[in-house]
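What follows is the content of input_0.txt, which has compact mmCIF, C-alpha atoms and all ligand atoms:
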```txt
# COMPACT_ATOMS: atom_id res chain seq x y z
CA MET O 1 2.66 40.75 16.75
CA ALA O 2 2.30 40.83 20.50
CA THR O 3 -1.08 39.93 21.88
CA MET O 4 -3.36 42.61 23.32
CA ILE O 5 -6.69 42.66 25.13
CA THR O 6 -9.52 44.72 23.66
CA ASN O 7 -12.19 46.68 25.51
CA ASP O 8 -14.53 43.71 25.15
CA CYS O 9 -12.78 42.16 28.17
CA ILE O 10 -15.30 41.14 30.85
CA ASN O 11 -12.67 40.83 33.60
CA CYS O 12 -13.29 37.14 34.14
CA GLY O 13 -9.59 36.56 34.89
CA ALA O 14 -9.44 33.23 33.05
CA CYS O 15 -6.42 34.26 30.97
CA GLU O 16 -4.16 35.44 33.76
CA PRO O 17 -3.05 32.06 35.18
CA GLU O 18 -2.62 30.60 31.69
CA CYS O 19 0.19 32.95 30.66
CA PRO O 20 3.60 31.26 30.87
CA ASN O 21 5.27 34.67 31.14
CA ASN O 22 3.07 36.33 33.79
CA ALA O 23 2.41 39.02 31.22
CA ILE O 24 -1.26 39.48 32.12
CA SER O 25 -2.51 41.57 35.01
CA GLN O 26 -5.61 43.43 36.12
CA GLY O 27 -5.48 46.96 34.73
CA GLU O 28 -7.52 49.96 35.79
CA THR O 29 -10.64 48.86 33.97
CA ILE O 30 -9.81 45.61 32.17
CA PHE O 31 -7.05 43.02 32.12
CA VAL O 32 -3.93 44.09 30.24
CA ILE O 33 -0.91 42.41 28.64
CA ASP O 34 2.61 43.73 29.12
CA PRO O 35 4.08 43.59 25.59
CA MET O 36 7.59 43.37 27.05
CA LEU O 37 6.64 40.06 28.68
CA CYS O 38 4.36 38.58 26.03
CA THR O 39 6.00 36.11 23.66
CA GLU O 40 2.74 35.07 22.02
CA CYS O 41 3.46 31.89 23.96
CA VAL O 42 6.41 31.12 21.67
CA GLY O 43 8.68 28.79 23.60
CA PHE O 44 5.76 27.20 25.48
CA HIS O 45 2.74 26.53 23.28
CA ASP O 46 1.88 26.37 19.62
CA TYR O 47 -1.11 28.63 20.31
CA GLU O 48 -1.75 31.71 22.43
CA ALA O 49 -2.90 30.42 25.79
CA CYS O 50 -4.81 33.56 26.76
CA ALA O 51 -6.77 33.63 23.50
CA ALA O 52 -7.55 29.95 23.86
CA VAL O 53 -9.39 30.41 27.17
CA CYS O 54 -10.92 33.86 26.67
CA PRO O 55 -14.72 33.43 26.61
CA VAL O 56 -15.29 36.59 24.60
CA ASP O 57 -12.37 36.31 22.16
CA CYS O 58 -10.85 39.63 23.15
CA CYS O 59 -7.19 38.50 23.23
CA VAL O 60 -6.14 39.46 19.74
CA THR O 61 -3.00 40.23 17.79
CA ASP O 62 -1.79 43.80 18.14
CA PRO O 63 -1.44 45.13 14.58
CA HIS O 64 0.74 47.98 15.85
CA ASN O 65 3.34 45.71 17.42
CA ILE O 66 4.67 43.26 14.88
CA GLU O 67 7.43 40.93 16.08
CA THR O 68 9.24 38.05 14.46
CA GLU O 69 9.41 34.56 15.86
CA ASP O 70 13.14 35.07 16.44
CA ALA O 71 12.49 38.14 18.57
CA LEU O 72 9.77 36.35 20.53
CA VAL O 73 11.83 33.25 21.28
CA ALA O 74 14.76 35.42 22.27
CA ARG O 75 12.47 37.16 24.75
CA ALA O 76 11.21 33.81 26.06
CA ARG O 77 14.82 32.68 26.65
CA ALA O 78 15.69 35.93 28.35
CA LEU O 79 12.62 35.73 30.60
CA HIS O 80 13.25 32.09 31.53
CA PRO O 81 17.01 31.55 31.83
CA GLU O 82 16.29 28.58 34.06
CA THR O 83 14.38 26.80 31.27
CA GLN O 84 16.11 25.24 28.30
CA ILE O 85 14.30 26.44 25.21
CA GLY O 86 16.14 24.56 22.49
CA ASP O 87 15.83 24.86 18.73
CA ASN O 88 12.75 22.68 18.63
CA PHE O 89 10.58 25.02 20.69
CA GLU O 90 6.81 25.30 20.67
CA SER O 91 5.57 28.08 18.44
CA ARG O 92 2.36 28.99 16.75
CA PHE O 93 4.41 30.15 13.77
CA ARG O 94 5.71 26.67 13.16
CA LYS O 95 2.56 24.64 13.26
CA GLY O 96 0.46 27.20 11.48
CA GLN O 97 -2.09 27.16 14.29
CA GLY O 98 -1.96 30.83 15.04
CA LYS O 99 -4.79 33.24 14.82
CA ALA O 100 -5.03 32.78 11.06
CA ALA O 101 -6.37 29.32 11.74
CA GLY O 102 -9.44 30.91 13.29
CA ALA O 103 -11.24 30.95 16.56
CA ILE O 104 -12.37 27.34 16.40
CA ALA O 105 -8.84 26.04 16.14
CA GLN O 106 -7.84 28.26 19.05
CA LYS O 107 -10.67 27.06 21.24
CA GLN O 108 -9.82 23.45 20.42
CA ALA O 109 -6.12 23.92 20.95
CA PRO O 110 -5.97 23.32 24.72
CA ALA O 111 -8.01 20.16 24.51
CA GLN O 112 -6.02 18.91 21.53
CA ALA O 113 -2.75 19.83 23.15
CA ALA O 114 -3.83 18.21 26.38
CA SER O 115 -4.91 15.08 24.63
CA ALA O 116 -1.81 14.90 22.43
CA GLY O 117 0.38 15.64 25.42
CA ALA O 118 -1.33 13.04 27.55
CA ASN O 119 -0.83 10.48 24.80
CA GLU O 120 2.81 11.40 24.45
CA VAL O 121 3.40 11.06 28.19
CA MET O 122 1.52 7.77 28.30
CA ASP O 123 3.67 6.48 25.45
CA ARG O 124 6.84 7.50 27.25
CA VAL O 125 5.70 5.78 30.42
CA ALA O 126 4.71 2.71 28.46
CA SER O 127 8.06 2.49 26.71
CA ALA O 128 9.85 2.90 30.05
CA THR O 129 7.79 0.35 31.93
CA GLY O 130 6.77 -1.98 29.13
CA ALA O 131 3.13 -1.45 30.09
CA ALA O 132 0.45 -0.97 27.49
CA PRO O 133 -0.82 2.61 27.44
CA GLN O 134 -4.39 3.02 28.62
CA MET O 135 -6.65 6.03 28.34
CA SER O 136 -9.77 6.07 30.45
CA GLY O 137 -12.92 7.17 28.63
CA TYR O 138 -15.83 9.11 30.00
CA ALA O 139 -19.32 8.02 29.08
CA GLU O 140 -22.07 10.48 29.88
CA PRO O 141 -24.91 8.56 31.62
CA GLN O 142 -28.02 8.52 29.51
CA VAL O 143 -31.13 10.13 30.99
CA ASN O 144 -34.25 8.16 30.19
CA PHE O 145 -36.84 10.89 30.16
CA LEU O 146 -40.37 9.66 30.81
CA SER O 147 -43.05 10.65 28.33
CA LEU O 148 -46.38 12.03 29.41
CA PRO O 149 -49.41 10.12 28.14
CA GLU O 150 -51.79 11.76 25.68
CA ILE O 151 -53.71 14.35 27.63
CA ASP O 152 -57.07 12.77 26.70
CA SER O 153 -55.99 9.32 27.88
CA TRP O 154 -56.18 10.07 31.60
CA GLU O 155 -58.90 8.40 33.66
CA ILE O 156 -60.36 9.94 36.77
CA PRO O 157 -61.88 7.99 39.67
CA ILE O 158 -65.18 9.45 40.78
CA ARG O 159 -67.35 8.57 43.81
CA CYS O 160 -71.13 8.41 43.43
CA PHE O 161 -72.79 10.75 45.89
CA LYS O 162 -75.74 8.30 46.24
CA CYS O 163 -74.24 4.81 46.59
CA HIS O 164 -70.73 6.06 47.58
CA GLN O 165 -69.08 3.58 45.28
CA THR O 166 -66.18 4.63 43.07
CA HIS O 167 -65.83 4.12 39.35
CA VAL O 168 -63.42 5.42 36.71
CA GLU O 169 -64.33 7.81 33.90
CA SER O 170 -62.27 9.01 30.96
CA VAL O 171 -61.18 12.64 31.24
CA ARG O 172 -63.01 13.23 27.94
CA ASN O 173 -66.33 12.70 29.74
CA PHE O 174 -65.79 15.67 32.04
CA MET O 175 -67.09 18.24 29.54
CA ILE O 176 -69.38 20.95 30.93
CA GLY O 177 -72.99 19.74 30.95
CA ASN O 178 -72.10 16.10 30.21
CA VAL O 179 -74.12 13.53 32.18
CA ILE O 180 -72.22 10.71 33.89
CA PHE O 181 -74.08 7.65 35.17
CA CYS O 182 -72.93 5.60 38.14
CA PRO O 183 -72.44 1.97 36.90
CA HIS O 184 -73.43 0.67 40.34
CA CYS O 185 -76.71 2.50 41.10
CA ASN O 186 -77.32 4.26 37.78
CA LYS O 187 -77.54 7.65 39.49
CA SER O 188 -76.70 10.50 37.12
CA MET O 189 -74.32 13.39 37.73
CA VAL O 190 -73.91 16.54 35.61
CA VAL O 191 -70.40 17.91 35.07
CA ARG O 192 -70.39 21.56 36.08
CA ASP O 193 -67.99 24.23 34.94
CA ASN O 194 -65.97 24.32 38.18
CA LEU O 195 -65.09 20.60 37.98
CA ASN O 196 -64.26 20.92 34.29
CA TYR O 197 -62.13 24.01 35.02
CA HIS O 198 -60.13 22.30 37.81
CA ILE O 199 -59.37 19.26 35.68
CA ARG O 200 -58.31 21.33 32.66
CA ALA O 201 -56.18 23.73 34.75
CA LEU O 202 -54.44 20.87 36.57
CA LEU O 203 -53.55 19.04 33.36
CA LYS O 204 -52.51 22.16 31.46
CA ASP O 205 -50.21 23.39 34.28
CA SER O 206 -48.73 19.94 34.82
CA TYR O 207 -47.94 19.39 31.13
CA GLU O 208 -46.35 22.84 30.77
CA ARG O 209 -44.24 22.41 33.91
CA TRP O 210 -43.15 18.94 32.75
CA GLY O 211 -41.75 20.29 29.47
CA LYS O 212 -40.07 23.31 31.08
CA GLU O 213 -38.38 21.20 33.76
CA GLN O 214 -37.11 18.71 31.20
CA ASN O 215 -35.65 21.44 28.99
CA ALA O 216 -34.02 23.21 31.94
CA PHE O 217 -32.57 19.93 33.21
CA SER O 218 -31.11 19.04 29.81
CA SER O 219 -29.60 22.45 29.23
CA GLN O 220 -28.08 22.58 32.72
CA ARG O 221 -26.47 19.18 32.20
CA GLU O 222 -25.04 20.25 28.86
CA THR O 223 -23.58 23.42 30.38
CA GLU O 224 -22.10 21.52 33.31
CA LEU O 225 -20.62 18.87 31.03
CA ALA O 226 -19.02 21.52 28.80
CA GLN O 227 -17.54 23.26 31.85
CA PHE O 228 -16.33 19.95 33.25
CA MET O 229 -14.63 18.95 30.00
CA GLU O 230 -13.02 22.38 29.67
CA HIS O 231 -11.74 22.12 33.22
CA ARG O 232 -10.33 18.63 32.57
CA ALA O 233 -8.62 19.81 29.38
CA LYS O 234 -6.98 22.68 31.27
CA GLU O 235 -5.91 20.34 34.05
CA ALA O 236 -4.38 17.94 31.56
CA GLN O 237 -2.61 20.76 29.79
CA ALA O 238 -1.21 22.15 33.03
CA PHE O 239 -0.02 18.72 34.11
CA GLU O 240 1.65 18.13 30.78
CA THR O 241 3.47 21.45 31.11
CA HIS O 242 4.54 20.46 34.61
CA GLN O 243 5.88 17.14 33.33
CA ARG O 244 7.73 18.81 30.48
CA ARG O 245 9.46 21.08 32.96
CA GLU O 246 10.24 18.14 35.23
CA LEU O 247 11.79 16.27 32.30
CA GLN O 248 13.94 19.29 31.53
CA ARG O 249 14.92 19.65 35.17
CA ILE O 250 15.93 16.00 35.47
CA GLY O 251 18.01 16.29 32.30
CA GLN O 252 19.71 19.45 33.59
CA GLN O 253 20.46 17.83 36.96
CA LEU O 254 21.98 14.78 35.28
CA GLU O 255 24.04 17.03 33.03
CA THR O 256 25.37 18.95 36.04
CA LEU O 257 26.19 15.73 37.86
CA GLY O 258 28.12 14.38 34.89
CA GLU O 259 30.07 17.59 34.46
CA THR O 260 31.03 18.06 38.08
CA TYR O 261 31.71 14.46 39.10
CA ASP O 262 35.25 13.94 40.43
CA ALA O 263 35.93 10.47 39.09
CA PRO O 264 38.69 8.43 40.76
CA GLY O 265 41.88 9.07 38.82
CA LYS O 266 40.66 12.40 37.42
CA PRO O 267 43.74 14.62 37.19
CA ILE O 268 43.76 17.43 39.75
CA LYS O 269 44.90 20.77 38.46
CA LYS O 270 48.21 21.62 40.08
CA GLY O 271 47.97 24.40 42.63
CA SER O 272 44.20 24.59 42.38
CA ARG O 273 43.73 23.35 45.93
CA PHE O 274 45.68 26.36 47.23
CA GLY O 275 43.76 28.91 45.24
CA TRP O 276 46.47 30.23 42.87
CA GLY O 277 46.28 27.74 40.01
S1 LIG B 301 -0.07 35.34 24.10
FE1 LIG B 301 0.83 33.94 25.62
S2 LIG B 301 2.59 35.08 26.42
FE2 LIG B 301 1.24 36.60 25.43
S3 LIG B 301 -0.09 37.33 27.06
FE3 LIG B 301 -1.18 35.66 26.04
S4 LIG B 301 -0.66 33.85 27.29
FE4 LIG B 301 0.85 35.45 27.81
S1 LIG B 302 -10.07 35.82 29.55
FE1 LIG B 302 -10.69 37.50 28.14
S2 LIG B 302 -12.45 38.44 29.17
FE2 LIG B 302 -11.42 37.21 30.72
S3 LIG B 302 -10.00 38.64 31.73
FE3 LIG B 302 -8.86 37.63 30.10
S4 LIG B 302 -9.05 39.00 28.34
FE4 LIG B 302 -10.63 39.61 29.80
```
Turn the structure described in the file into C-alpha cells.
Ligand code: SF4
Ligand code: SF4
Amino acid sequence: MATMITNDCINCGACEPECPNNAISQGETIFVIDPMLCTECVGFHDYEACAAVCPVDCCVTDPHNIETEDALVARARALHPETQIGDNFESRFRKGQGKAAGAIAQKQAPAQAASAGANEVMDRVASATGAAPQMSGYAEPQVNFLSLPEIDSWEIPIRCFKCHQTHVESVRNFMIGNVIFCPHCNKSMVVRDNLNYHIRALLKDSYERWGKEQNAFSSQRETELAQFMEHRAKEAQAFETHQRRELQRIGQQLETLGETYDAPGKPIKKGSRFGWG
C-alpha cells in the first residue's frame, strides 16, 4: 500500500522534508504524495517517516494501492541508483512496526530510531577508538513553586490617626463594623465597608492571578519541552541517516579504489594502450 494524505491535512509541511524519496509536495489545497515516488520508506526506515511526524495523523495507507515489499524496494533502488540498498534493507514490513502497530508506535518511532541509531554509532566509534561510549542525559530543572499562605493568615500594618503610631492587625479583624483599638493610645477605629472591600478585592485578585500564572507557566514549559525533545529526536535521526550514507559512500569509494588500482606488476592488456585491444 502506498501512503496517501487525507483531507485532514493542515498544511503544516512537517512531512515534506522527512521523505527520503521527495515524494511529498504542496498540492492545490493540501500536501500530496506521488505514489510513483513513495516506497512507504522501504529501503530507508522501518516506519513511514511522514506518518511519524504528522501532527494530525493524516498520512495513512492507501487501501486502493496495494504494493508488495518487493515492489517497493525495487522502486527505492530505481529511485536511488547511487545508494546501495542491499538485502538487509530497512522496512516496516520486516520489523512489524508498520501502521498495524498503531499510532503510538509510529509517533515513538523517530525517537526510538534516533536513540537506537545514536547508540549504534556510539558503539562503532567506541570500538574504533577504544573509548567508552557516553550518552549525555538531559535533566529538566525543577521549578520550586512558592505557596501562598492561608488567606486569613495575612497581617496588615495600620497607623493610628490619633497617635500616628503603627501596629499590626490580623486580616480577620478587618470585618465591616469591627472595632480596632490602638495598642499605644487605646483610640478605637471602626472598619468601614470601603476598607474591607479593598482588602478583600486585593487578596482575591492576587490569589486568582497567582494560580493562573503558575498553571500557564507549567503548561508552557511542558509544551516547550515536548517540542524541544521532538526536535532533538528529528535531529538525531537526520544525523544518523547522514552517517549511514557516509558509511556507504566510504565503502563504495574504497571498493572503486581497489578495483581500479594499477598495482606494480599488474599485466597490461596487449594493444589496449593503442585503443584496439
Ligand atoms: S511513506 Fe515514506 S516514502 Fe512514502 S511519502 Fe511518506 S515519507 Fe515519503
Ligand atoms: S505533516 Fe500531515 S498535516 Fe502536515 S502537511 Fe504533512 S500531511 Fe499535512
May I ask you to write as a ChimeraX atom specification all residues lying at most 12 Å from ligand LIG 301 (chain B), with all atoms listed in the file counted?
/O:1-5,14-25,31-54,57-62,72-73,75-76,79,90-92,98-99,106
List the spatial neighbours of Arg159 (chain O) as a PyMOL selection string - criterion: any atom at most 12 Å away, all atoms listed in the file, same-chain residues fewer than 5 positions off excluded.
chain O and resi 164-169+180-185+187-189
Enter the distance from CA of Thr241 (chain O) to CA of Glu69 (chain O), in Å, rounded to one decimal.
21.0 Å
Please determine, counting all atoms listed in the file, which residue among O:Gly13, O:Glu155, O:Lys204, O:Thr6 has the shortest atom-to-atom distance to ligand LIG 302 (chain B).
O:Gly13
Output as JSON the centre and edge lengths (Å, one decimal) of the box along x, y and z of the file that holds every listed atom of region 212-219 of chain O after adding 6 Å on each side.
```
{"center_x": -34.8, "center_y": 21.0, "center_z": 31.4, "size_x": 22.5, "size_y": 16.6, "size_z": 16.8}
```
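Nearest to Glu222 (chain O) of all the residues O:Lys266, O:Glu140, O:Val190, O:Arg94 is O:Glu140, counting all atoms listed in the file.
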